[in-house]
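Worksheet: one structure, shown below.
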Amino acid sequence: MNFLITGGAGFIGSSLCEYLINQQHQVLCVDNFDPFYPKEIKLKNISTLLNHPNFKIVEADICDSEKLAEVFKSNPIDFVIHLAAKAGVRPSILNPKAYVDTNINGTMNILENMKNTAVKNLIFSSSSSVYGNNEKIPYAESDNVDFPISPYAATKKSGELLTFNYHHLYQFKVINLRFFTVFGPRQRPDLAIHKFFDRLYKQQAIEMYGDGSTSRDYTYVDDIVEGIARAIEVISTSENSFYETINLGNSSPIKLSALIQLIEEVCDKKFNIKKLPMQEGDVNLTFAAIEKAKAILHYAPKTTIREGLQKFKTWYESNQK
C-alpha cells in the first residue's frame with residue numbers, strides 16, 4: 001500500500017517508516033522538522049531510508065493547507081497515519097495557541113485533504129494525557145475524558161472528535177490510538193528517560209518533580225509499532241466503515257522513584273537528584289487498560305521496562321559515539 005505518515009521523521013514515526021518499508025510498502029513521510037528539537041536528530045532517524053526506492057520525504061507543515069493539498073494531489077495515497085503534533089504537556093501551557101494551530105487546525109487540514117482525494121483509511125495518534133487525573137484505574141476507553149488538565153491533552157481530545165466527525169460524514173475508517181508514555185531508541189531528548197540518561201552520563205543533576213510517587217505506564221516503541229501495524233491490518237481488511245478508539249500501553253506502570261533506581265541498576269551509575277515541586281499539567285498516574293487492544297488488535301506488548309531500558313542504553317551509548 002501507499003502510506004502517508006505525518007511526523008514520519010520523529011521518534012515513533014521513523015520507527016514505523018522502517019517497519020512499513022521492510023514490509024514492502026511505499027512510504028511518503030511528511031515532516032516540518034519543528035525546531036522543538038534539532039533537525040539533525042530527525043534526519044539521523046531516517047538516514048537509513050533516504051536512498052530507499054520505496055521511501056520519499058517531503059518537508060511540509062500540516063498547517064500549510066496549500067502545500068498539504070499539493071502533497072495529497074501529487075502522490076498516490078491509500079492510508080494516512082497521522083502522528084504529527086506539537087508535543088509536550090508543559091510547553092503547551094506556555095504556548096497554547098501553537099498547540100491549537102498544529103494539533104487541531106493541522107488535523108483538520110489532513111482530514112479535509114483526505115476527503116478531497118477520497119482517502120478513507122486513517123490512524124490518528126492520540127495520547128494517554130486525554131484521561132487527565134482519572135480516578136478510575138486502569139484507564140479504559142469508555143472512561144469520561146472531558147476533563148483534560150493541559151492544552152496538549154485538550155487538543156488531542158479535539159483530534160479524536162474531529163476524526164469521528166469525518167467518519168460520520170464521509171465514512172472514513174478510523175482508529176484513534178491513545179499512546180501511553182512511549183520510550184526506546186530515538187526517544188525525543190526532552191522526555192524523561194532520554195533526559196535522565198543524558199544527565200547521568202554527563203554527571204549532571206536530574207530534576208525530580210514531586211516526591212517520586214507519580215507513575216507512568218512506559219510502553220516500548222516496538223510494541224507501539226506492532227500495535228499500529230495491527231490497526232493497519234484491521235482497517236485494511238474491513239469492508240465497512242467503522243470508528244474505534246484504543247489504548248496502546250504496557251498496562252504496567254512504574255513509579256518515578258522506582259524508574260530512577262532501575263536506570264541506576266541498568267547503567268551501574270548513581271544519580272544526583274534535585275527535588276522540585278510537581279508541575280502544572282502533569283498527571284499523577286497513567287495506566288492503560290488494554291483489553292480492547294487485545295480483543296480488536298490482538299495486541300500483546302512484549303518488552304518490560306527493564307528490557308526496554310537496556311535496549312535504550314545500548315542505543316544511547318552507540319549514539320553518543
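The chains in the C-alpha cells are called A, B, ... from first to last as shown; in each chain the residues are counted from 1, and the ligands are counted from 1 in the order shown.
Excluding stretch 44-61 of chain A and any residue on its chain fewer than 5 positions from it, the residues at most 8 Å away by only C-alpha atoms are Ala9, Gly10, Phe11, Ser14, Glu18, Ile21, Gln24, His25, Gln26, Val27, Leu28, Cys29, Val30, Asp31, Asn32, Phe33, Lys67, Leu68 and Arg186 of chain A.
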Dump as JSON lines the rows for residues of stretch 27-74 of chain A within 10 Å of stretch 89-111 of chain A: closest atom pair and distance in Å with one decimal, only C-alpha atoms counted, ordered by chain and rising residue number.
```
{"residue": "A:Phe36", "atom": "CA", "partner": "A:Pro91", "partner_atom": "CA", "distance": 9.8}
{"residue": "A:Asp61", "atom": "CA", "partner": "A:Gly106", "partner_atom": "CA", "distance": 8.2}
{"residue": "A:Ile62", "atom": "CA", "partner": "A:Gly106", "partner_atom": "CA", "distance": 4.9}
{"residue": "A:Cys63", "atom": "CA", "partner": "A:Gly106", "partner_atom": "CA", "distance": 4.6}
{"residue": "A:Asp64", "atom": "CA", "partner": "A:Gly106", "partner_atom": "CA", "distance": 8.0}
{"residue": "A:Ser65", "atom": "CA", "partner": "A:Asn109", "partner_atom": "CA", "distance": 6.1}
{"residue": "A:Glu66", "atom": "CA", "partner": "A:Asn109", "partner_atom": "CA", "distance": 9.5}
{"residue": "A:Leu68", "atom": "CA", "partner": "A:Asn109", "partner_atom": "CA", "distance": 7.7}
{"residue": "A:Ala69", "atom": "CA", "partner": "A:Asn109", "partner_atom": "CA", "distance": 8.5}
{"residue": "A:Phe72", "atom": "CA", "partner": "A:Ile110", "partner_atom": "CA", "distance": 9.2}
```
Query raised in the report: So which bits of stretch 52-105 of chain A end up helix (DSSP H, G or I) when you DSSP the backbone, as a ChimeraX atom specification?
Result: /A:65-74,89-94,96-105
Query raised in the report: How many Å lie between atom CA of A:Lys255 and atom CA of A:Leu285, rounded to one decimal?
Result: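 We find that atom CA of A:Lys255 and atom CA of A:Leu285 lie 8.6 Å from each other.
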Query raised in the report: Where in stretch 194-267 of chain A does DSSP assign strand (DSSP E), given as a list in words?
Result: Ile206, Glu207, Met208, Tyr209, Ser215, Arg216, Thr219, Tyr220, Tyr243, Glu244, Thr245, Ile246, Asn247, Leu248, Ile254 and Lys255 of chain A
Could you take the residues named above and write them with N, CA and C atoms, as a PDB file, in the first residue's frame?
```pdb
ATOM      1  N   ILE A 206      19.672  15.445  37.936  1.00  0.00           N
ATOM      2  CA  ILE A 206      18.339  15.355  37.326  1.00  0.00           C
ATOM      3  C   ILE A 206      17.332  16.047  38.232  1.00  0.00           C
ATOM      4  N   GLU A 207      16.255  16.505  37.621  1.00  0.00           N
ATOM      5  CA  GLU A 207      15.176  17.150  38.375  1.00  0.00           C
ATOM      6  C   GLU A 207      14.054  16.150  38.579  1.00  0.00           C
ATOM      7  N   MET A 208      13.680  15.925  39.815  1.00  0.00           N
ATOM      8  CA  MET A 208      12.566  15.031  40.140  1.00  0.00           C
ATOM      9  C   MET A 208      11.419  15.878  40.673  1.00  0.00           C
ATOM     10  N   TYR A 209      10.346  15.918  39.897  1.00  0.00           N
ATOM     11  CA  TYR A 209       9.191  16.720  40.270  1.00  0.00           C
ATOM     12  C   TYR A 209       8.278  15.916  41.189  1.00  0.00           C
ATOM     13  N   SER A 215       3.397   7.922  38.705  1.00  0.00           N
ATOM     14  CA  SER A 215       3.657   6.684  37.948  1.00  0.00           C
ATOM     15  C   SER A 215       3.314   6.874  36.474  1.00  0.00           C
ATOM     16  N   ARG A 216       4.070   6.186  35.621  1.00  0.00           N
ATOM     17  CA  ARG A 216       3.805   6.215  34.186  1.00  0.00           C
ATOM     18  C   ARG A 216       3.804   4.789  33.640  1.00  0.00           C
ATOM     19  N   THR A 219       5.766   2.378  27.663  1.00  0.00           N
ATOM     20  CA  THR A 219       5.490   1.404  26.601  1.00  0.00           C
ATOM     21  C   THR A 219       6.601   1.469  25.564  1.00  0.00           C
ATOM     22  N   TYR A 220       7.225   0.323  25.283  1.00  0.00           N
ATOM     23  CA  TYR A 220       8.375   0.296  24.393  1.00  0.00           C
ATOM     24  C   TYR A 220       7.945   0.538  22.949  1.00  0.00           C
ATOM     25  N   TYR A 243     -15.321   3.054  13.371  1.00  0.00           N
ATOM     26  CA  TYR A 243     -14.582   4.030  14.180  1.00  0.00           C
ATOM     27  C   TYR A 243     -14.297   3.409  15.542  1.00  0.00           C
ATOM     28  N   GLU A 244     -13.022   3.422  15.946  1.00  0.00           N
ATOM     29  CA  GLU A 244     -12.633   2.879  17.251  1.00  0.00           C
ATOM     30  C   GLU A 244     -11.571   3.767  17.897  1.00  0.00           C
ATOM     31  N   THR A 245     -11.586   3.803  19.208  1.00  0.00           N
ATOM     32  CA  THR A 245     -10.531   4.438  19.989  1.00  0.00           C
ATOM     33  C   THR A 245      -9.947   3.381  20.913  1.00  0.00           C
ATOM     34  N   ILE A 246      -8.620   3.198  20.852  1.00  0.00           N
ATOM     35  CA  ILE A 246      -7.985   2.060  21.523  1.00  0.00           C
ATOM     36  C   ILE A 246      -6.714   2.508  22.236  1.00  0.00           C
ATOM     37  N   ASN A 247      -6.566   2.078  23.482  1.00  0.00           N
ATOM     38  CA  ASN A 247      -5.326   2.315  24.232  1.00  0.00           C
ATOM     39  C   ASN A 247      -4.202   1.434  23.704  1.00  0.00           C
ATOM     40  N   LEU A 248      -3.004   2.011  23.581  1.00  0.00           N
ATOM     41  CA  LEU A 248      -1.789   1.218  23.385  1.00  0.00           C
ATOM     42  C   LEU A 248      -0.838   1.547  24.537  1.00  0.00           C
ATOM     43  N   ILE A 254       5.088   2.228  36.452  1.00  0.00           N
ATOM     44  CA  ILE A 254       6.199   2.227  37.393  1.00  0.00           C
ATOM     45  C   ILE A 254       6.321   3.622  38.013  1.00  0.00           C
ATOM     46  N   LYS A 255       6.572   3.670  39.319  1.00  0.00           N
ATOM     47  CA  LYS A 255       6.737   4.953  39.997  1.00  0.00           C
ATOM     48  C   LYS A 255       8.037   5.624  39.555  1.00  0.00           C
TER      49      LYS A 255
END
```
Requested in this report: Compile the contact shell of A:Lys136 as a PyMOL selection string: residues with an atom at most 12 Å away, counting only C-alpha atoms, same-chain residues fewer than 4 positions apart removed.
Outcome: chain A and resi 131-132+140-145+285-289
Same residues, N, CA and C atoms, saved as a PDB file, in the first residue's frame:
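This is the output file out_31.pdb:
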```
ATOM      1  N   TYR A 131      -6.882  11.437  29.464  1.00  0.00           N
ATOM      2  CA  TYR A 131      -7.559  10.935  30.664  1.00  0.00           C
ATOM      3  C   TYR A 131      -7.426  11.885  31.855  1.00  0.00           C
ATOM      4  N   GLY A 132      -6.507  12.857  31.786  1.00  0.00           N
ATOM      5  CA  GLY A 132      -6.313  13.755  32.920  1.00  0.00           C
ATOM      6  C   GLY A 132      -5.967  12.971  34.173  1.00  0.00           C
ATOM      7  N   ALA A 140      -9.707   3.111  30.934  1.00  0.00           N
ATOM      8  CA  ALA A 140     -10.383   2.396  29.840  1.00  0.00           C
ATOM      9  C   ALA A 140     -10.959   3.390  28.844  1.00  0.00           C
ATOM     10  N   GLU A 141     -11.080   2.937  27.598  1.00  0.00           N
ATOM     11  CA  GLU A 141     -11.543   3.812  26.534  1.00  0.00           C
ATOM     12  C   GLU A 141     -12.960   4.328  26.784  1.00  0.00           C
ATOM     13  N   SER A 142     -13.734   3.628  27.588  1.00  0.00           N
ATOM     14  CA  SER A 142     -15.103   4.059  27.894  1.00  0.00           C
ATOM     15  C   SER A 142     -15.164   5.118  28.987  1.00  0.00           C
ATOM     16  N   ASP A 143     -14.020   5.437  29.623  1.00  0.00           N
ATOM     17  CA  ASP A 143     -13.998   6.438  30.686  1.00  0.00           C
ATOM     18  C   ASP A 143     -14.262   7.835  30.121  1.00  0.00           C
ATOM     19  N   ASN A 144     -14.822   8.701  30.954  1.00  0.00           N
ATOM     20  CA  ASN A 144     -15.066  10.095  30.572  1.00  0.00           C
ATOM     21  C   ASN A 144     -13.726  10.827  30.435  1.00  0.00           C
ATOM     22  N   VAL A 145     -13.496  11.435  29.274  1.00  0.00           N
ATOM     23  CA  VAL A 145     -12.250  12.191  29.074  1.00  0.00           C
ATOM     24  C   VAL A 145     -12.557  13.660  28.774  1.00  0.00           C
ATOM     25  N   LEU A 285      -0.738   9.741  37.447  1.00  0.00           N
ATOM     26  CA  LEU A 285      -0.625   8.344  37.060  1.00  0.00           C
ATOM     27  C   LEU A 285      -1.112   8.164  35.636  1.00  0.00           C
ATOM     28  N   THR A 286      -0.452   7.280  34.881  1.00  0.00           N
ATOM     29  CA  THR A 286      -1.045   6.750  33.647  1.00  0.00           C
ATOM     30  C   THR A 286      -1.017   5.229  33.738  1.00  0.00           C
ATOM     31  N   PHE A 287      -2.107   4.603  33.322  1.00  0.00           N
ATOM     32  CA  PHE A 287      -2.256   3.151  33.499  1.00  0.00           C
ATOM     33  C   PHE A 287      -3.285   2.681  32.473  1.00  0.00           C
ATOM     34  N   ALA A 288      -2.824   1.989  31.450  1.00  0.00           N
ATOM     35  CA  ALA A 288      -3.683   1.602  30.335  1.00  0.00           C
ATOM     36  C   ALA A 288      -4.395   0.283  30.586  1.00  0.00           C
ATOM     37  N   ALA A 289      -5.709   0.309  30.425  1.00  0.00           N
ATOM     38  CA  ALA A 289      -6.449  -0.945  30.245  1.00  0.00           C
ATOM     39  C   ALA A 289      -6.274  -1.343  28.783  1.00  0.00           C
TER      40      ALA A 289
END
```
